[in-house]
$ cat upload_35.cif   # mmCIF, C-alpha atoms
data_my_file
loop_
_atom_site.label_atom_id
_atom_site.label_comp_id
_atom_site.auth_asym_id
_atom_site.auth_seq_id
_atom_site.Cartn_x
_atom_site.Cartn_y
_atom_site.Cartn_z
CA MET A 12 71.31 34.64 43.43
CA THR A 13 68.58 33.36 45.73
CA ASP A 14 66.70 30.20 44.77
CA TYR A 15 63.22 31.48 45.61
CA ALA A 16 61.52 28.26 44.55
CA LEU A 17 63.51 26.41 47.22
CA LEU A 18 63.16 29.21 49.79
CA ASN A 19 59.39 29.35 49.32
CA ALA A 20 59.08 25.54 49.46
CA ARG A 21 61.02 25.60 52.74
CA LEU A 22 58.71 28.30 54.14
CA LYS A 23 55.59 26.37 53.19
CA SER A 24 56.86 23.14 54.76
CA LEU A 25 57.86 25.06 57.91
CA ILE A 26 54.57 26.87 58.58
CA ALA A 27 51.75 25.02 56.78
CA GLY A 28 49.21 23.80 59.32
CA VAL A 29 50.85 25.65 62.23
CA PRO A 30 48.23 27.96 63.82
CA HIS A 31 50.62 30.37 65.60
CA GLU A 32 51.06 33.67 63.74
CA ILE A 33 53.92 35.12 65.80
CA ALA A 34 55.88 31.85 65.81
CA ASN A 35 55.40 31.49 62.05
CA LEU A 36 56.55 35.06 61.40
CA ALA A 37 59.56 34.45 63.65
CA ASN A 38 60.52 31.35 61.70
CA ALA A 39 59.92 33.16 58.40
CA SER A 40 62.29 35.97 59.43
CA ALA A 41 64.91 33.43 60.55
CA LEU A 42 64.57 31.59 57.23
CA LEU A 43 65.14 34.83 55.31
CA TRP A 44 68.08 35.74 57.55
CA GLU A 45 69.85 32.46 56.87
CA SER A 46 68.94 32.32 53.15
CA LEU A 47 69.52 35.81 51.75
CA GLU A 48 72.97 37.26 51.18
CA GLU A 49 74.01 40.82 51.95
CA ILE A 50 71.16 41.71 54.29
CA ASN A 51 71.33 43.32 57.71
CA TRP A 52 67.65 43.12 58.76
CA ALA A 53 64.70 40.87 57.92
CA GLY A 54 61.38 40.95 59.69
CA PHE A 55 57.84 42.12 60.01
CA TYR A 56 55.78 45.07 61.14
CA ARG A 57 52.18 44.20 62.05
CA VAL A 58 49.24 46.60 61.85
CA GLU A 59 47.92 47.35 65.35
CA ASN A 60 45.47 50.19 66.05
CA GLY A 61 46.33 51.86 62.75
CA MET A 62 50.12 51.80 63.29
CA LEU A 63 52.82 49.45 62.05
CA VAL A 64 54.27 47.81 65.16
CA LEU A 65 57.52 45.86 65.25
CA GLY A 66 57.02 42.12 64.98
CA PRO A 67 59.38 39.16 64.75
CA PHE A 68 62.72 39.98 63.10
CA GLN A 69 66.40 39.15 62.73
CA GLY A 70 68.98 41.95 62.97
CA LYS A 71 69.75 44.98 65.10
CA PRO A 72 67.07 46.60 67.28
CA ALA A 73 64.55 48.51 65.18
CA CYS A 74 61.96 51.26 65.27
CA ILE A 75 58.96 50.09 67.30
CA GLU A 76 56.15 52.07 65.65
CA ILE A 77 55.80 53.44 62.13
CA ALA A 78 52.85 55.53 61.00
CA PRO A 79 51.10 54.70 57.73
CA GLY A 80 52.67 56.67 54.88
CA LYS A 81 55.92 57.25 56.79
CA GLY A 82 59.19 55.74 55.57
CA VAL A 83 59.43 52.78 53.24
CA CYS A 84 57.35 50.47 55.45
CA GLY A 85 54.59 53.00 56.03
CA THR A 86 54.49 53.82 52.31
CA ALA A 87 54.20 50.15 51.36
CA ALA A 88 51.31 49.75 53.81
CA ALA A 89 49.53 52.97 52.83
CA GLU A 90 49.88 52.40 49.07
CA ASP A 91 49.37 48.63 49.38
CA ARG A 92 52.24 47.87 47.03
CA THR A 93 55.75 46.54 47.25
CA GLN A 94 58.46 49.16 47.66
CA LEU A 95 61.79 48.21 46.08
CA VAL A 96 64.22 50.98 47.02
CA TYR A 97 67.58 51.04 45.26
CA ASN A 98 69.04 53.64 47.63
CA VAL A 99 67.15 54.49 50.81
CA HIS A 100 68.93 57.83 51.09
CA ASP A 101 67.05 58.93 47.96
CA PHE A 102 63.65 57.87 49.39
CA PRO A 103 61.70 60.89 50.69
CA GLY A 104 61.02 60.49 54.41
CA HIS A 105 63.17 57.38 54.85
CA ILE A 106 63.33 56.35 58.52
CA ALA A 107 66.89 55.36 59.43
CA CYS A 108 66.47 52.72 62.12
CA ASP A 109 69.92 51.35 61.19
CA SER A 110 72.38 53.77 59.60
CA ALA A 111 74.11 50.83 57.86
CA SER A 112 71.06 50.18 55.66
CA ASN A 113 71.37 51.43 52.08
CA SER A 114 68.67 49.54 50.17
CA GLU A 115 65.35 48.03 51.16
CA ILE A 116 62.39 46.02 49.98
CA VAL A 117 59.01 46.01 51.74
CA VAL A 118 56.12 43.71 50.78
CA PRO A 119 52.58 44.11 52.18
CA LEU A 120 50.76 41.09 53.65
CA HIS A 121 46.97 40.86 53.51
CA ARG A 122 44.05 39.32 55.34
CA LYS A 123 40.74 39.48 53.46
CA GLY A 124 42.18 42.12 51.14
CA ALA A 125 43.40 44.48 53.89
CA VAL A 126 47.06 45.10 54.73
CA VAL A 127 47.76 43.47 58.12
CA ALA A 128 51.56 43.47 58.07
CA VAL A 129 54.61 44.20 55.97
CA LEU A 130 57.71 42.12 55.32
CA ASP A 131 60.76 44.40 55.53
CA ILE A 132 64.29 43.48 54.40
CA ASP A 133 67.27 45.85 54.50
CA SER A 134 70.74 45.61 53.00
CA PRO A 135 73.96 47.52 53.56
CA ARG A 136 74.57 47.37 49.77
CA VAL A 137 73.01 50.00 47.51
CA GLY A 138 70.97 48.27 44.79
CA ARG A 139 70.88 44.89 46.58
CA PHE A 140 67.29 44.06 45.60
CA SER A 141 66.15 43.23 42.07
CA GLU A 142 62.90 42.48 40.26
CA ALA A 143 63.67 38.77 40.81
CA ASP A 144 63.80 39.50 44.55
CA ARG A 145 60.48 41.36 44.29
CA GLU A 146 58.82 38.41 42.56
CA GLY A 147 60.30 35.84 44.94
CA LEU A 148 59.44 37.81 48.06
CA GLU A 149 55.92 38.57 46.87
CA ALA A 150 55.48 34.80 46.45
CA PHE A 151 56.96 34.34 49.96
CA ALA A 152 54.39 36.84 51.28
CA GLY A 153 51.64 34.98 49.43
CA ILE A 154 52.54 31.76 51.25
CA LEU A 155 52.38 33.61 54.56
CA GLU A 156 48.98 35.05 53.66
CA THR A 157 47.62 31.62 52.74
CA CYS A 158 49.07 29.78 55.74
CA LEU A 159 48.44 32.47 58.37
CA TYR A 160 45.29 34.18 57.20
CA GLY A 161 43.61 31.78 54.79
CA ASP A 162 43.83 34.24 51.87
#
$ encode --input "upload_35.cif" --output "structure tokens"
Amino acid sequence: MTDYALLNARLKSLIAGVPHEIANLANASALLWESLEEINWAGFYRVENGMLVLGPFQGKPACIEIAPGKGVCGTAAAEDRTQLVYNVHDFPGHIACDSASNSEIVVPLHRKGAVVAVLDIDSPRVGRFSEADREGLEAFAGILETCLYGD
């Protein structure tokens, strides 16, 4: 089980006061990659011109653009709420960037109340993500929002 209090403290100490969004997102994805078990992708999609565009990540190459409302990431952005998906194959419209992914969690990030990015984490294990993961990763996203965007 992930110690989210420690993970989130590590994130805050890593990025607080550092004014470089892309570098901070890159370090955040690397921190998740080294800290979470049974994952095969961890990273970000940033909102650019109304589309989700691939940002810093760890894992195999990924889809470059995702439209709002499409797949798990696009749904999280469009509905502005975390998507915790037990089995991605049961998610209507799932986009299979990596056929090895079986479960996923996506958390929106905000600037001044608007979704500006999503944190996306995939796992090859069905049912990998729990409510504890949701709470911990939403807190992780909150640290990013505060440090990167001043929210």
$ closest_residue --input "upload_35.cif" --among "A:Asn98, A:Ser46, A:Asn19, A:Thr86" --to "Ala111 (chain A)" --atoms "all atoms listed in the file"
A:Asn98
$ closest_residue --input "upload_35.cif" --among "A:Asn35, A:Ser40, A:Gln94, A:Asn51" --to "Glu142 (chain A)" --atoms "only C-alpha atoms"
A:Gln94
$ closest_residue --input "upload_35.cif" --among "A:Val127, A:Leu65, A:His121, A:Asp133" --to "Val96 (chain A)" --atoms "only C-alpha atoms"
A:Asp133
$ residues_around --input "upload_35.cif" --residues "Gly147 (chain A)" --least-positions-apart "3" --cutoff "9 Å" --atoms "only C-alpha atoms" --output "VMD selection string"
chain A and resid 13 to 16 18 to 19 142 to 144 150 to 152
$ axis_aligned_box --input "upload_35.cif" --around "region 104-107 of chain A" --padding-each-side "3 Å" --output "AutoDock Vina command-line options"
--center_x 64.0 --center_y 57.9 --center_z 56.9 --size_x 11.9 --size_y 11.1 --size_z 11.0
$ residues_around --input "upload_35.cif" --residues "Glu76 (chain A)" --least-positions-apart "6" --cutoff "7 Å" --atoms "all atoms listed in the file" --output "ChimeraX atom specification"
/A:62-65
$ residues_around --input "upload_35.cif" --residues "Gly80 (chain A)" --least-positions-apart "2" --cutoff "12 Å" --atoms "only C-alpha atoms" --output "ChimeraX atom specification"
/A:61-63,77-78,82-92,94,103-106
$ closest_residue --input "upload_35.cif" --among "A:Glu59, A:Asp101, A:Glu49, A:Glu146" --to "Ile75 (chain A)" --atoms "only C-alpha atoms"
A:Glu59
$ residues_near_point --input "upload_35.cif" --point "(45.4, 42.6, 56.0)" --cutoff "12 Å" --atoms "all atoms listed in the file" --output "short mmCIF file (atom, residue, chain, number, x, y, z; two decimals) with C-alpha atoms, in the coordinates of the input"
data_model
loop_
_atom_site.label_atom_id
_atom_site.label_comp_id
_atom_site.auth_asym_id
_atom_site.auth_seq_id
_atom_site.Cartn_x
_atom_site.Cartn_y
_atom_site.Cartn_z
CA TYR A 56 55.78 45.07 61.14
CA ARG A 57 52.18 44.20 62.05
CA VAL A 58 49.24 46.60 61.85
CA GLU A 59 47.92 47.35 65.35
CA GLY A 61 46.33 51.86 62.75
CA LEU A 63 52.82 49.45 62.05
CA ALA A 88 51.31 49.75 53.81
CA ALA A 89 49.53 52.97 52.83
CA ASP A 91 49.37 48.63 49.38
CA VAL A 118 56.12 43.71 50.78
CA PRO A 119 52.58 44.11 52.18
CA LEU A 120 50.76 41.09 53.65
CA HIS A 121 46.97 40.86 53.51
CA ARG A 122 44.05 39.32 55.34
CA LYS A 123 40.74 39.48 53.46
CA GLY A 124 42.18 42.12 51.14
CA ALA A 125 43.40 44.48 53.89
CA VAL A 126 47.06 45.10 54.73
CA VAL A 127 47.76 43.47 58.12
CA ALA A 128 51.56 43.47 58.07
CA VAL A 129 54.61 44.20 55.97
CA ALA A 152 54.39 36.84 51.28
CA GLY A 153 51.64 34.98 49.43
CA LEU A 155 52.38 33.61 54.56
CA GLU A 156 48.98 35.05 53.66
CA THR A 157 47.62 31.62 52.74
CA LEU A 159 48.44 32.47 58.37
CA TYR A 160 45.29 34.18 57.20
CA GLY A 161 43.61 31.78 54.79
CA ASP A 162 43.83 34.24 51.87
#
$ residues_near_point --input "upload_35.cif" --point "(66.8, 48.6, 60.8)" --cutoff "7 Å" --atoms "only C-alpha atoms" --output "ChimeraX atom specification"
/A:52,71-73,107-109,112,133
$ closest_residue --input "upload_35.cif" --among "A:Leu95, A:Lys81, A:Phe140, A:Leu42" --to "Ala20 (chain A)" --atoms "all atoms listed in the file"
A:Leu42
$ atom_distance --input "upload_35.cif" --atom1 "CA of Trp44 (chain A)" --atom2 "CA of Gln69 (chain A)"
6.4 Å
$ atom_distance --input "upload_35.cif" --atom1 "CA of Ile33 (chain A)" --atom2 "CA of Cys158 (chain A)"
12.4 Å
$ atom_distance --input "upload_35.cif" --atom1 "CA of Ile154 (chain A)" --atom2 "CA of Ser114 (chain A)"
24.0 Å
$ closest_residue --input "upload_35.cif" --among "A:Leu17, A:Ala34, A:Ile116, A:Ala41" --to "Ile132 (chain A)" --atoms "all atoms listed in the file"
A:Ile116
$ decode --input "upload_35.cif" --residues "region 51-66 of chain A" --atoms "N, CA and C atoms" --output "mmCIF file, in the first residue's frame"
data_model
loop_
_atom_site.group_PDB
_atom_site.id
_atom_site.type_symbol
_atom_site.label_atom_id
_atom_site.label_comp_id
_atom_site.auth_asym_id
_atom_site.auth_seq_id
_atom_site.Cartn_x
_atom_site.Cartn_y
_atom_site.Cartn_z
ATOM 1 N N ASN A 51 1.998 0.845 -15.214
ATOM 2 C CA ASN A 51 2.769 0.790 -16.460
ATOM 3 C C ASN A 51 2.780 2.134 -17.197
ATOM 4 N N TRP A 52 2.166 3.167 -16.581
ATOM 5 C CA TRP A 52 2.211 4.511 -17.174
ATOM 6 C C TRP A 52 1.809 5.512 -16.107
ATOM 7 N N ALA A 53 2.526 6.616 -16.042
ATOM 8 C CA ALA A 53 2.183 7.701 -15.109
ATOM 9 C C ALA A 53 2.600 9.011 -15.760
ATOM 10 N N GLY A 54 1.642 9.906 -15.925
ATOM 11 C CA GLY A 54 2.001 11.178 -16.544
ATOM 12 C C GLY A 54 0.835 12.130 -16.649
ATOM 13 N N PHE A 55 1.018 13.093 -17.520
ATOM 14 C CA PHE A 55 0.087 14.210 -17.614
ATOM 15 C C PHE A 55 -0.311 14.484 -19.054
ATOM 16 N N TYR A 56 -1.550 14.940 -19.198
ATOM 17 C CA TYR A 56 -2.025 15.543 -20.433
ATOM 18 C C TYR A 56 -2.406 16.971 -20.067
ATOM 19 N N ARG A 57 -1.923 17.935 -20.850
ATOM 20 C CA ARG A 57 -2.182 19.352 -20.603
ATOM 21 C C ARG A 57 -3.184 19.873 -21.618
ATOM 22 N N VAL A 58 -4.061 20.761 -21.192
ATOM 23 C CA VAL A 58 -5.047 21.358 -22.086
ATOM 24 C C VAL A 58 -4.346 22.415 -22.949
ATOM 25 N N GLU A 59 -4.443 22.223 -24.258
ATOM 26 C CA GLU A 59 -3.895 23.178 -25.227
ATOM 27 C C GLU A 59 -4.900 23.322 -26.361
ATOM 28 N N ASN A 60 -5.374 24.528 -26.582
ATOM 29 C CA ASN A 60 -6.336 24.801 -27.663
ATOM 30 C C ASN A 60 -7.521 23.840 -27.628
ATOM 31 N N GLY A 61 -8.030 23.587 -26.431
ATOM 32 C CA GLY A 61 -9.221 22.765 -26.273
ATOM 33 C C GLY A 61 -9.007 21.263 -26.332
ATOM 34 N N MET A 62 -7.773 20.825 -26.518
ATOM 35 C CA MET A 62 -7.458 19.389 -26.573
ATOM 36 C C MET A 62 -6.550 19.025 -25.402
ATOM 37 N N LEU A 63 -6.590 17.762 -24.997
ATOM 38 C CA LEU A 63 -5.595 17.255 -24.055
ATOM 39 C C LEU A 63 -4.385 16.808 -24.869
ATOM 40 N N VAL A 64 -3.227 17.380 -24.556
ATOM 41 C CA VAL A 64 -2.002 17.093 -25.291
ATOM 42 C C VAL A 64 -1.003 16.442 -24.341
ATOM 43 N N LEU A 65 -0.368 15.393 -24.819
ATOM 44 C CA LEU A 65 0.594 14.643 -24.022
ATOM 45 C C LEU A 65 1.638 15.551 -23.396
ATOM 46 N N GLY A 66 1.840 15.381 -22.107
ATOM 47 C CA GLY A 66 2.855 16.119 -21.367
ATOM 48 C C GLY A 66 3.885 15.155 -20.810
#
